[in-house]
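Below is one structure, written out as structure tokens; comments come after it.
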Amino acid sequence: EKGGYEHFMLKEIHEQPKAIKDTYRGRLLRKEAIIKMAGIEDNMKKFLNADRIIIVACGTSWHAGLVAEYIFEDLARIPVEVEYASEFRYRNPIITENDVLIAISQSGETADTLAAIKLAKSKGAFVFGVCNVVGSSIARESDAGAYTHAGPEIGVASTKAFTTQITVLTLIALRLARAKGTISSSDFRQHLLELEMIPKKVEKSLESDELIKTISNVYKDVNNFLYLGRGYNFPVALEGALKLKEISYIHAEGYPAAEMKHGPIALIDENMPIVVIATKKGHYEKVVSNIQEIKSRKGKIIGIVTEGDTQVKALADHVIEVPETLESLSPLLTTIPLQLLSYHIAVMLDKNVDQPRNLAKSVTVE
Ligand code: F6R
């Protein structure tokens, strides 16, 4: 059942090329240059007339929501707010009939997310679900939705659900951008083309496995990790840190790279490994200067870089390459080495990777 892999998590990490492809199949029609999603087509008016989109989710799904915020605002020019479902539902939020609420949930059973959508519905908002489990409570409770086609995710630490959520949300953003006219037809086509190439590029990213094992062996005994990223890759930094915490029990924090100087920089010394997502295009020069600041404080730098990078390579202690893609799609690639890093560290520490202590696959308590 683990398909020859030692753990479900590793199997699911390796399933991502297929899971992403399964998720855009039938929806992304490159030759026709269209995106077809019944849940969006049928409710286009709601989306186009919405004052804003509110995204609610928990944990890793919330991180996918953060990536979606960047892509929706960037491409479709629709204001987006991303909320932890548990905070949203308990703070008497302002919700109107002109709001569209997108709930993201792998299991479709997360109690806080379910309660948040019930609240939004009671105020007249239109609720759209992005779930993986077919027929789950959140899927049923939503007015409309789009499934991720990740297949069953068994490992408690979410991997392929995350990248397929980003895939669905990217398709939605692109579809809305096209309908609104906020994306040119050539940009739209380029996005379709690049998205279609992502599975191959994820496969390529997975080839860094041995290198990542070596890096994991160097840092497995530290007590703290920092993860930094900017723009589209800020949520990826949060997700990388969450993965490490969950399965290796090493304390890790994700931060927007520019925030480092407002506090976390005080933590940096020769014992602190810092994972920096420094791919080309995404504020690259700024991230390079963040890396210089880390280096001058003797922090250990693990850079996630674009293939062929030289600038970060010259500064970092280790670099892990991912193929080049559009900035908006880069989270689908930069996430991969972070999943593998957390996986290998946890295995080396002899932790229960698939069932970490204190965690459950679906959190049905509030
Ligand atoms: C992280 C993880 C959790 C879930 C969160 C939401 O690896 O698994 O943080 O992402 O509990 O779960 P769903 O997406 O099922 O609502």
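Letters A, B, ... go to the chains of the structure tokens in the order shown; residues in each chain start at 1; ligands are counted from 1 in the same order.
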Per residue of chain A within 7 Å of ligand 1, record the nearest atom pair and its distance in Å to one decimal, counting only C-alpha atoms and all ligand atoms, with rows in chain order and ascending residue number, as JSON lines.
{"residue": "A:Ala57", "atom": "CA", "partner": "ligand 1", "partner_atom_place_in_ligand_line": "16 (O)", "distance": 6.3}
{"residue": "A:Cys58", "atom": "CA", "partner": "ligand 1", "partner_atom_place_in_ligand_line": "6 (C)", "distance": 4.5}
{"residue": "A:Gly59", "atom": "CA", "partner": "ligand 1", "partner_atom_place_in_ligand_line": "9 (O)", "distance": 3.2}
{"residue": "A:Thr60", "atom": "CA", "partner": "ligand 1", "partner_atom_place_in_ligand_line": "10 (O)", "distance": 3.7}
{"residue": "A:Ser61", "atom": "CA", "partner": "ligand 1", "partner_atom_place_in_ligand_line": "14 (O)", "distance": 4.8}
{"residue": "A:Ile104", "atom": "CA", "partner": "ligand 1", "partner_atom_place_in_ligand_line": "14 (O)", "distance": 6.4}
{"residue": "A:Ser105", "atom": "CA", "partner": "ligand 1", "partner_atom_place_in_ligand_line": "14 (O)", "distance": 3.4}
{"residue": "A:Gln106", "atom": "CA", "partner": "ligand 1", "partner_atom_place_in_ligand_line": "14 (O)", "distance": 3.6}
{"residue": "A:Ser107", "atom": "CA", "partner": "ligand 1", "partner_atom_place_in_ligand_line": "15 (O)", "distance": 3.6}
{"residue": "A:Gly108", "atom": "CA", "partner": "ligand 1", "partner_atom_place_in_ligand_line": "15 (O)", "distance": 5.6}
{"residue": "A:Glu109", "atom": "CA", "partner": "ligand 1", "partner_atom_place_in_ligand_line": "15 (O)", "distance": 6.2}
{"residue": "A:Thr110", "atom": "CA", "partner": "ligand 1", "partner_atom_place_in_ligand_line": "16 (O)", "distance": 4.6}
{"residue": "A:Thr113", "atom": "CA", "partner": "ligand 1", "partner_atom_place_in_ligand_line": "16 (O)", "distance": 6.8}
{"residue": "A:Val156", "atom": "CA", "partner": "ligand 1", "partner_atom_place_in_ligand_line": "8 (O)", "distance": 5.4}
{"residue": "A:Ala157", "atom": "CA", "partner": "ligand 1", "partner_atom_place_in_ligand_line": "7 (O)", "distance": 3.5}
{"residue": "A:Ser158", "atom": "CA", "partner": "ligand 1", "partner_atom_place_in_ligand_line": "7 (O)", "distance": 3.8}
{"residue": "A:Thr159", "atom": "CA", "partner": "ligand 1", "partner_atom_place_in_ligand_line": "7 (O)", "distance": 6.9}
{"residue": "A:Leu242", "atom": "CA", "partner": "ligand 1", "partner_atom_place_in_ligand_line": "1 (C)", "distance": 6.9}
{"residue": "A:Lys243", "atom": "CA", "partner": "ligand 1", "partner_atom_place_in_ligand_line": "7 (O)", "distance": 6.0}
{"residue": "A:Glu246", "atom": "CA", "partner": "ligand 1", "partner_atom_place_in_ligand_line": "7 (O)", "distance": 7.0}
{"residue": "A:Lys361", "atom": "CA", "partner": "ligand 1", "partner_atom_place_in_ligand_line": "8 (O)", "distance": 6.2}
{"residue": "A:Ser362", "atom": "CA", "partner": "ligand 1", "partner_atom_place_in_ligand_line": "15 (O)", "distance": 5.3}
{"residue": "A:Val363", "atom": "CA", "partner": "ligand 1", "partner_atom_place_in_ligand_line": "11 (O)", "distance": 5.7}
Report the residues of stretch 43-287 of chain A whose backbone DSSP state falls under strand (DSSP E), written as a ChimeraX atom specification.
/A:52-57,80-84,99-105,126-131,144-145,224-229,251-256,273-278
Can those selected residues be exported to a file as a tab-separated table (two decimals), in the first residue's frame so that it contains N, CA and C atoms?
chain	number	residue	atom	x	y	z
A	52	ARG	N	-15.20	41.23	-2.25
A	52	ARG	CA	-13.93	40.62	-1.85
A	52	ARG	C	-14.13	39.11	-1.70
A	53	ILE	N	-13.02	38.43	-1.65
A	53	ILE	CA	-13.05	37.00	-1.37
A	53	ILE	C	-12.42	36.80	0.00
A	54	ILE	N	-13.13	36.06	0.84
A	54	ILE	CA	-12.55	35.72	2.15
A	54	ILE	C	-12.18	34.24	2.07
A	55	ILE	N	-10.95	33.93	2.41
A	55	ILE	CA	-10.53	32.53	2.41
A	55	ILE	C	-10.39	32.08	3.86
A	56	VAL	N	-11.03	30.97	4.20
A	56	VAL	CA	-10.88	30.42	5.55
A	56	VAL	C	-10.32	29.01	5.47
A	57	ALA	N	-9.45	28.69	6.40
A	57	ALA	CA	-8.81	27.36	6.44
A	57	ALA	C	-8.00	27.26	7.72
A	80	VAL	N	-8.55	40.07	-1.42
A	80	VAL	CA	-8.66	38.79	-0.72
A	80	VAL	C	-8.23	38.95	0.73
A	81	GLU	N	-8.98	38.32	1.63
A	81	GLU	CA	-8.54	38.24	3.01
A	81	GLU	C	-8.43	36.76	3.37
A	82	VAL	N	-7.35	36.42	4.02
A	82	VAL	CA	-7.16	35.02	4.40
A	82	VAL	C	-7.24	34.94	5.92
A	83	GLU	N	-8.08	34.04	6.39
A	83	GLU	CA	-8.35	33.98	7.83
A	83	GLU	C	-8.18	32.57	8.36
A	84	TYR	N	-7.64	32.48	9.56
A	84	TYR	CA	-7.73	31.20	10.27
A	84	TYR	C	-9.20	31.01	10.59
A	99	ASP	N	-20.08	39.06	-0.33
A	99	ASP	CA	-18.81	38.38	-0.08
A	99	ASP	C	-18.85	36.96	-0.65
A	100	VAL	N	-17.71	36.55	-1.17
A	100	VAL	CA	-17.54	35.15	-1.53
A	100	VAL	C	-16.55	34.56	-0.54
A	101	LEU	N	-16.92	33.44	0.06
A	101	LEU	CA	-16.03	32.80	1.00
A	101	LEU	C	-15.53	31.49	0.41
A	102	ILE	N	-14.22	31.34	0.35
A	102	ILE	CA	-13.65	30.08	-0.12
A	102	ILE	C	-13.10	29.33	1.09
A	103	ALA	N	-13.59	28.12	1.30
A	103	ALA	CA	-13.08	27.29	2.39
A	103	ALA	C	-12.16	26.23	1.79
A	104	ILE	N	-10.96	26.12	2.35
A	104	ILE	CA	-10.00	25.13	1.84
A	104	ILE	C	-9.79	24.06	2.91
A	105	SER	N	-9.97	22.81	2.53
A	105	SER	CA	-9.78	21.73	3.51
A	105	SER	C	-9.49	20.40	2.81
A	126	PHE	N	-21.76	33.74	-0.34
A	126	PHE	CA	-21.69	32.58	-1.22
A	126	PHE	C	-20.45	31.77	-0.81
A	127	VAL	N	-20.65	30.48	-0.58
A	127	VAL	CA	-19.55	29.66	-0.05
A	127	VAL	C	-19.07	28.64	-1.09
A	128	PHE	N	-17.79	28.69	-1.35
A	128	PHE	CA	-17.17	27.81	-2.35
A	128	PHE	C	-16.14	26.93	-1.62
A	129	GLY	N	-16.26	25.62	-1.77
A	129	GLY	CA	-15.36	24.70	-1.06
A	129	GLY	C	-14.25	24.15	-1.96
A	130	VAL	N	-13.05	24.11	-1.43
A	130	VAL	CA	-11.94	23.43	-2.12
A	130	VAL	C	-11.50	22.29	-1.20
A	131	CYS	N	-11.99	21.09	-1.49
A	131	CYS	CA	-11.76	19.94	-0.62
A	131	CYS	C	-11.10	18.83	-1.42
A	144	ALA	N	-21.04	25.66	-3.74
A	144	ALA	CA	-20.40	25.12	-4.94
A	144	ALA	C	-18.96	24.81	-4.56
A	145	GLY	N	-18.22	24.22	-5.49
A	145	GLY	CA	-16.84	23.93	-5.12
A	145	GLY	C	-16.06	23.31	-6.25
A	224	ASN	N	16.60	24.64	16.64
A	224	ASN	CA	15.81	25.69	16.00
A	224	ASN	C	16.15	25.84	14.53
A	225	PHE	N	15.17	26.23	13.78
A	225	PHE	CA	15.34	26.53	12.35
A	225	PHE	C	14.56	27.80	12.03
A	226	LEU	N	15.08	28.59	11.12
A	226	LEU	CA	14.29	29.70	10.58
A	226	LEU	C	14.05	29.44	9.09
A	227	TYR	N	12.88	29.85	8.60
A	227	TYR	CA	12.56	29.74	7.18
A	227	TYR	C	12.15	31.12	6.70
A	228	LEU	N	12.78	31.58	5.64
A	228	LEU	CA	12.46	32.91	5.12
A	228	LEU	C	12.07	32.86	3.65
A	229	GLY	N	11.10	33.68	3.30
A	229	GLY	CA	10.70	33.81	1.90
A	229	GLY	C	9.97	35.14	1.73
A	251	HIS	N	11.83	22.99	16.74
A	251	HIS	CA	11.17	24.29	16.65
A	251	HIS	C	11.61	25.03	15.38
A	252	ALA	N	10.65	25.52	14.66
A	252	ALA	CA	10.97	26.23	13.41
A	252	ALA	C	9.99	27.37	13.24
A	253	GLU	N	10.51	28.46	12.71
A	253	GLU	CA	9.64	29.61	12.45
A	253	GLU	C	9.78	30.06	11.02
A	254	GLY	N	8.67	30.37	10.41
A	254	GLY	CA	8.69	30.94	9.07
A	254	GLY	C	8.44	32.43	9.18
A	255	TYR	N	9.12	33.21	8.37
A	255	TYR	CA	9.01	34.66	8.42
A	255	TYR	C	9.09	35.24	7.02
A	256	PRO	N	8.45	36.38	6.80
A	256	PRO	CA	8.74	37.10	5.55
A	256	PRO	C	10.19	37.60	5.66
A	273	PRO	N	20.49	27.30	11.61
A	273	PRO	CA	20.28	27.10	10.17
A	273	PRO	C	19.08	27.92	9.68
A	274	ILE	N	19.24	28.53	8.54
A	274	ILE	CA	18.17	29.35	7.98
A	274	ILE	C	17.92	28.94	6.54
A	275	VAL	N	16.71	28.47	6.31
A	275	VAL	CA	16.32	28.07	4.96
A	275	VAL	C	15.77	29.32	4.27
A	276	VAL	N	16.39	29.71	3.18
A	276	VAL	CA	15.95	30.92	2.48
A	276	VAL	C	15.49	30.56	1.07
A	277	ILE	N	14.26	30.91	0.76
A	277	ILE	CA	13.77	30.68	-0.60
A	277	ILE	C	14.18	31.89	-1.42
A	278	ALA	N	15.07	31.64	-2.36
A	278	ALA	CA	15.69	32.75	-3.11
A	278	ALA	C	15.68	32.44	-4.60
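Near stretch 190-205 of chain A, within 7 Å and counting only C-alpha atoms, sit A:Pro17, A:Lys18, A:Ile20, A:Lys21, A:Leu28, A:Arg30, A:Val322, A:Pro323, A:Thr325, A:Leu333, A:Ile336, not including residues fewer than 6 positions from it in the same chain.
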Based on the selection just made, write all heavy atoms of those residues as a PDB file, in the first residue's frame.
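Done, and the output landed in out_31.pdb:
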ATOM      1  N   PRO A  17       3.670  14.951  -8.795  1.00  0.00           N
ATOM      2  CA  PRO A  17       3.538  15.230 -10.227  1.00  0.00           C
ATOM      3  C   PRO A  17       2.200  14.727 -10.767  1.00  0.00           C
ATOM      4  O   PRO A  17       1.491  15.438 -11.484  1.00  0.00           O
ATOM      5  CB  PRO A  17       4.724  14.475 -10.851  1.00  0.00           C
ATOM      6  CG  PRO A  17       5.740  14.415  -9.745  1.00  0.00           C
ATOM      7  CD  PRO A  17       4.937  14.260  -8.474  1.00  0.00           C
ATOM      8  N   LYS A  18       1.840  13.519 -10.369  1.00  0.00           N
ATOM      9  CA  LYS A  18       0.584  12.939 -10.842  1.00  0.00           C
ATOM     10  C   LYS A  18      -0.626  13.658 -10.227  1.00  0.00           C
ATOM     11  O   LYS A  18      -1.610  13.935 -10.920  1.00  0.00           O
ATOM     12  CB  LYS A  18       0.544  11.452 -10.480  1.00  0.00           C
ATOM     13  CG  LYS A  18      -0.733  10.773 -10.925  1.00  0.00           C
ATOM     14  CD  LYS A  18      -0.712   9.272 -10.647  1.00  0.00           C
ATOM     15  CE  LYS A  18      -1.963   8.593 -11.188  1.00  0.00           C
ATOM     16  NZ  LYS A  18      -3.203   9.055 -10.550  1.00  0.00           N
ATOM     17  N   ILE A  20      -0.919  16.699  -9.195  1.00  0.00           N
ATOM     18  CA  ILE A  20      -1.113  18.026  -9.799  1.00  0.00           C
ATOM     19  C   ILE A  20      -1.735  17.878 -11.188  1.00  0.00           C
ATOM     20  O   ILE A  20      -2.668  18.589 -11.552  1.00  0.00           O
ATOM     21  CB  ILE A  20       0.231  18.803  -9.841  1.00  0.00           C
ATOM     22  CG1 ILE A  20       0.685  19.135  -8.415  1.00  0.00           C
ATOM     23  CG2 ILE A  20       0.117  20.066 -10.703  1.00  0.00           C
ATOM     24  CD1 ILE A  20       2.097  19.662  -8.301  1.00  0.00           C
ATOM     25  N   LYS A  21      -1.208  16.909 -11.930  1.00  0.00           N
ATOM     26  CA  LYS A  21      -1.744  16.668 -13.270  1.00  0.00           C
ATOM     27  C   LYS A  21      -3.224  16.260 -13.185  1.00  0.00           C
ATOM     28  O   LYS A  21      -4.061  16.757 -13.925  1.00  0.00           O
ATOM     29  CB  LYS A  21      -0.928  15.559 -13.956  1.00  0.00           C
ATOM     30  CG  LYS A  21      -0.911  15.672 -15.465  1.00  0.00           C
ATOM     31  CD  LYS A  21      -0.113  14.557 -16.123  1.00  0.00           C
ATOM     32  CE  LYS A  21       1.392  14.793 -16.076  1.00  0.00           C
ATOM     33  NZ  LYS A  21       2.162  13.643 -16.604  1.00  0.00           N
ATOM     34  N   LEU A  28      -7.769  22.481 -17.412  1.00  0.00           N
ATOM     35  CA  LEU A  28      -6.836  23.316 -18.162  1.00  0.00           C
ATOM     36  C   LEU A  28      -6.793  22.797 -19.592  1.00  0.00           C
ATOM     37  O   LEU A  28      -6.285  21.697 -19.837  1.00  0.00           O
ATOM     38  CB  LEU A  28      -5.448  23.208 -17.496  1.00  0.00           C
ATOM     39  CG  LEU A  28      -4.307  24.111 -17.966  1.00  0.00           C
ATOM     40  CD1 LEU A  28      -3.135  23.978 -16.990  1.00  0.00           C
ATOM     41  CD2 LEU A  28      -3.818  23.813 -19.362  1.00  0.00           C
ATOM     42  N   ARG A  30      -5.208  23.688 -22.791  1.00  0.00           N
ATOM     43  CA  ARG A  30      -4.204  24.622 -23.316  1.00  0.00           C
ATOM     44  C   ARG A  30      -4.434  24.968 -24.776  1.00  0.00           C
ATOM     45  O   ARG A  30      -4.339  26.128 -25.167  1.00  0.00           O
ATOM     46  CB  ARG A  30      -2.796  24.069 -23.120  1.00  0.00           C
ATOM     47  CG  ARG A  30      -1.717  25.082 -23.509  1.00  0.00           C
ATOM     48  CD  ARG A  30      -0.343  24.610 -23.176  1.00  0.00           C
ATOM     49  NE  ARG A  30      -0.081  23.265 -23.679  1.00  0.00           N
ATOM     50  CZ  ARG A  30       0.229  22.996 -24.933  1.00  0.00           C
ATOM     51  NH1 ARG A  30       0.308  23.950 -25.834  1.00  0.00           N
ATOM     52  NH2 ARG A  30       0.465  21.743 -25.309  1.00  0.00           N
ATOM     53  N   VAL A 322      15.741  24.320  -7.903  1.00  0.00           N
ATOM     54  CA  VAL A 322      14.465  23.936  -8.516  1.00  0.00           C
ATOM     55  C   VAL A 322      14.424  24.562  -9.913  1.00  0.00           C
ATOM     56  O   VAL A 322      15.057  25.592 -10.137  1.00  0.00           O
ATOM     57  CB  VAL A 322      13.235  24.402  -7.682  1.00  0.00           C
ATOM     58  CG1 VAL A 322      13.154  23.692  -6.344  1.00  0.00           C
ATOM     59  CG2 VAL A 322      13.218  25.913  -7.491  1.00  0.00           C
ATOM     60  N   PRO A 323      13.693  23.946 -10.844  1.00  0.00           N
ATOM     61  CA  PRO A 323      13.626  24.508 -12.195  1.00  0.00           C
ATOM     62  C   PRO A 323      12.985  25.898 -12.204  1.00  0.00           C
ATOM     63  O   PRO A 323      12.246  26.261 -11.287  1.00  0.00           O
ATOM     64  CB  PRO A 323      12.750  23.509 -12.958  1.00  0.00           C
ATOM     65  CG  PRO A 323      12.851  22.240 -12.189  1.00  0.00           C
ATOM     66  CD  PRO A 323      12.979  22.652 -10.751  1.00  0.00           C
ATOM     67  N   THR A 325      10.404  28.755 -13.265  1.00  0.00           N
ATOM     68  CA  THR A 325       9.014  28.851 -13.697  1.00  0.00           C
ATOM     69  C   THR A 325       8.535  30.274 -13.471  1.00  0.00           C
ATOM     70  O   THR A 325       9.320  31.141 -13.060  1.00  0.00           O
ATOM     71  CB  THR A 325       8.110  27.833 -12.956  1.00  0.00           C
ATOM     72  OG1 THR A 325       6.806  27.861 -13.542  1.00  0.00           O
ATOM     73  CG2 THR A 325       7.993  28.134 -11.470  1.00  0.00           C
ATOM     74  N   LEU A 333       6.981  24.467  -6.737  1.00  0.00           N
ATOM     75  CA  LEU A 333       8.300  23.834  -6.820  1.00  0.00           C
ATOM     76  C   LEU A 333       9.112  24.030  -5.536  1.00  0.00           C
ATOM     77  O   LEU A 333       9.734  23.089  -5.043  1.00  0.00           O
ATOM     78  CB  LEU A 333       9.085  24.396  -8.012  1.00  0.00           C
ATOM     79  CG  LEU A 333       8.403  24.244  -9.385  1.00  0.00           C
ATOM     80  CD1 LEU A 333       9.298  24.814 -10.474  1.00  0.00           C
ATOM     81  CD2 LEU A 333       8.090  22.778  -9.679  1.00  0.00           C
ATOM     82  N   ILE A 336       8.686  21.578  -2.559  1.00  0.00           N
ATOM     83  CA  ILE A 336       9.146  20.179  -2.636  1.00  0.00           C
ATOM     84  C   ILE A 336      10.400  19.923  -1.770  1.00  0.00           C
ATOM     85  O   ILE A 336      10.391  19.009  -0.939  1.00  0.00           O
ATOM     86  CB  ILE A 336       9.401  19.757  -4.113  1.00  0.00           C
ATOM     87  CG1 ILE A 336       8.160  20.046  -4.986  1.00  0.00           C
ATOM     88  CG2 ILE A 336       9.845  18.294  -4.213  1.00  0.00           C
ATOM     89  CD1 ILE A 336       6.892  19.318  -4.599  1.00  0.00           C
TER      90      ILE A 336
END
Near A:Leu176, within 9 Å and counting only C-alpha atoms, which residues show up once chain neighbours fewer than 3 positions away are dropped, as a PyMOL selection string?
chain A and resi 40+44+47-48+72+75-76+171-173+179-182
Print the selection's residues with N, CA and C atoms to a file, as a PDB file, in the first residue's frame.
ATOM      1  N   ILE A  40     -17.151  27.247 -11.135  1.00  0.00           N
ATOM      2  CA  ILE A  40     -16.885  28.673 -11.361  1.00  0.00           C
ATOM      3  C   ILE A  40     -17.841  29.216 -12.437  1.00  0.00           C
ATOM      4  N   MET A  44     -20.296  32.441 -11.994  1.00  0.00           N
ATOM      5  CA  MET A  44     -19.388  33.506 -12.415  1.00  0.00           C
ATOM      6  C   MET A  44     -19.809  34.881 -11.902  1.00  0.00           C
ATOM      7  N   PHE A  47     -18.792  35.597  -8.368  1.00  0.00           N
ATOM      8  CA  PHE A  47     -17.370  35.899  -8.226  1.00  0.00           C
ATOM      9  C   PHE A  47     -17.048  37.292  -8.760  1.00  0.00           C
ATOM     10  N   LEU A  48     -17.626  37.611  -9.926  1.00  0.00           N
ATOM     11  CA  LEU A  48     -17.261  38.887 -10.546  1.00  0.00           C
ATOM     12  C   LEU A  48     -17.866  40.076  -9.811  1.00  0.00           C
ATOM     13  N   PHE A  72      -4.626  35.621  -6.575  1.00  0.00           N
ATOM     14  CA  PHE A  72      -5.908  36.271  -6.873  1.00  0.00           C
ATOM     15  C   PHE A  72      -5.732  37.774  -7.030  1.00  0.00           C
ATOM     16  N   LEU A  75      -3.334  38.475 -10.256  1.00  0.00           N
ATOM     17  CA  LEU A  75      -3.876  38.191 -11.588  1.00  0.00           C
ATOM     18  C   LEU A  75      -5.308  38.687 -11.777  1.00  0.00           C
ATOM     19  N   ALA A  76      -6.162  38.448 -10.799  1.00  0.00           N
ATOM     20  CA  ALA A  76      -7.587  38.750 -10.987  1.00  0.00           C
ATOM     21  C   ALA A  76      -7.989  40.086 -10.362  1.00  0.00           C
ATOM     22  N   LEU A 171      -5.954  27.829 -10.915  1.00  0.00           N
ATOM     23  CA  LEU A 171      -6.904  27.708 -12.033  1.00  0.00           C
ATOM     24  C   LEU A 171      -8.061  28.687 -11.852  1.00  0.00           C
ATOM     25  N   ILE A 172      -8.561  28.773 -10.633  1.00  0.00           N
ATOM     26  CA  ILE A 172      -9.690  29.686 -10.375  1.00  0.00           C
ATOM     27  C   ILE A 172      -9.257  31.137 -10.618  1.00  0.00           C
ATOM     28  N   ALA A 173      -8.094  31.490 -10.097  1.00  0.00           N
ATOM     29  CA  ALA A 173      -7.609  32.870 -10.260  1.00  0.00           C
ATOM     30  C   ALA A 173      -7.451  33.202 -11.747  1.00  0.00           C
ATOM     31  N   ALA A 179     -11.973  36.280 -17.210  1.00  0.00           N
ATOM     32  CA  ALA A 179     -13.333  36.821 -17.282  1.00  0.00           C
ATOM     33  C   ALA A 179     -13.341  38.326 -17.004  1.00  0.00           C
ATOM     34  N   LYS A 180     -12.483  38.764 -16.105  1.00  0.00           N
ATOM     35  CA  LYS A 180     -12.446  40.192 -15.753  1.00  0.00           C
ATOM     36  C   LYS A 180     -11.625  41.008 -16.736  1.00  0.00           C
ATOM     37  N   GLY A 181     -10.801  40.313 -17.492  1.00  0.00           N
ATOM     38  CA  GLY A 181      -9.933  41.031 -18.420  1.00  0.00           C
ATOM     39  C   GLY A 181      -8.716  41.650 -17.739  1.00  0.00           C
ATOM     40  N   THR A 182      -8.345  41.121 -16.593  1.00  0.00           N
ATOM     41  CA  THR A 182      -7.181  41.669 -15.887  1.00  0.00           C
ATOM     42  C   THR A 182      -5.888  40.958 -16.297  1.00  0.00           C
TER      43      THR A 182
END
Near A:Leu349, within 12 Å and counting only C-alpha atoms, which residues show up once chain neighbours fewer than 5 positions away are dropped, as a list in words?
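Near A:Leu349, the qualifying residues are Ser216, Asn217, Tyr219, Lys220, Asp221, Val222, Leu244, Ile247, Ser248, Tyr249, Ile250, Ser342, Tyr343 and His344 of chain A.
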Considering only C-alpha atoms, state which residue in the set A:Lys298, A:Arg230, A:Arg175, A:Lys123 is at the smallest distance from A:Glu259.
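Of A:Lys298, A:Arg230, A:Arg175, A:Lys123, the one nearest A:Glu259, counting only C-alpha atoms, is A:Arg230.
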Nearest to A:Val133, chosen from A:His149, A:Lys36, A:Arg297, A:Lys118, with only C-alpha atoms counted in the distances:
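Using only C-alpha atoms, A:Val133 sits closest to A:His149.
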Work out how far atom CA of A:Ala177 is from atom CA of A:Thr279, in Å to one decimal.
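If I compute the distance from atom CA of A:Thr279 to atom CA of A:Ala177, I get 24.9 Å.
Here atom CA of A:Ala38 stands at a distance of 16.7 Å from atom CA of A:Gly135.
Among the candidates A:Ala257, A:Val353, A:Ile345, A:Leu238, the one nearest to A:Asn223 when counting only C-alpha atoms is A:Ile345.
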Å distance separating atom CA of A:Leu340 from atom CA of A:Ser208, one decimal place:
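We find that atom CA of A:Leu340 and atom CA of A:Ser208 lie 8.8 Å from each other.
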Can you pull out every residue within 8 Å of stretch 305-319 of chain A, counting only C-alpha atoms, but drop anything in the same chain fewer than 2 positions away, and send it as a count of residues only?
17
Excluding stretch 92-98 of chain A and any residue of its chain fewer than 2 positions from it, enumerate the residues within 9 Å of it, using only C-alpha atoms, and give them as a PyMOL selection string.
chain A and resi 46+49-52+88-90+100+119-121+123-126
Nearest to A:Ser185 by atom-to-atom distance, counting only C-alpha atoms, from A:Pro79, A:Ala33, A:Pro337, A:Met348:
A:Ala33
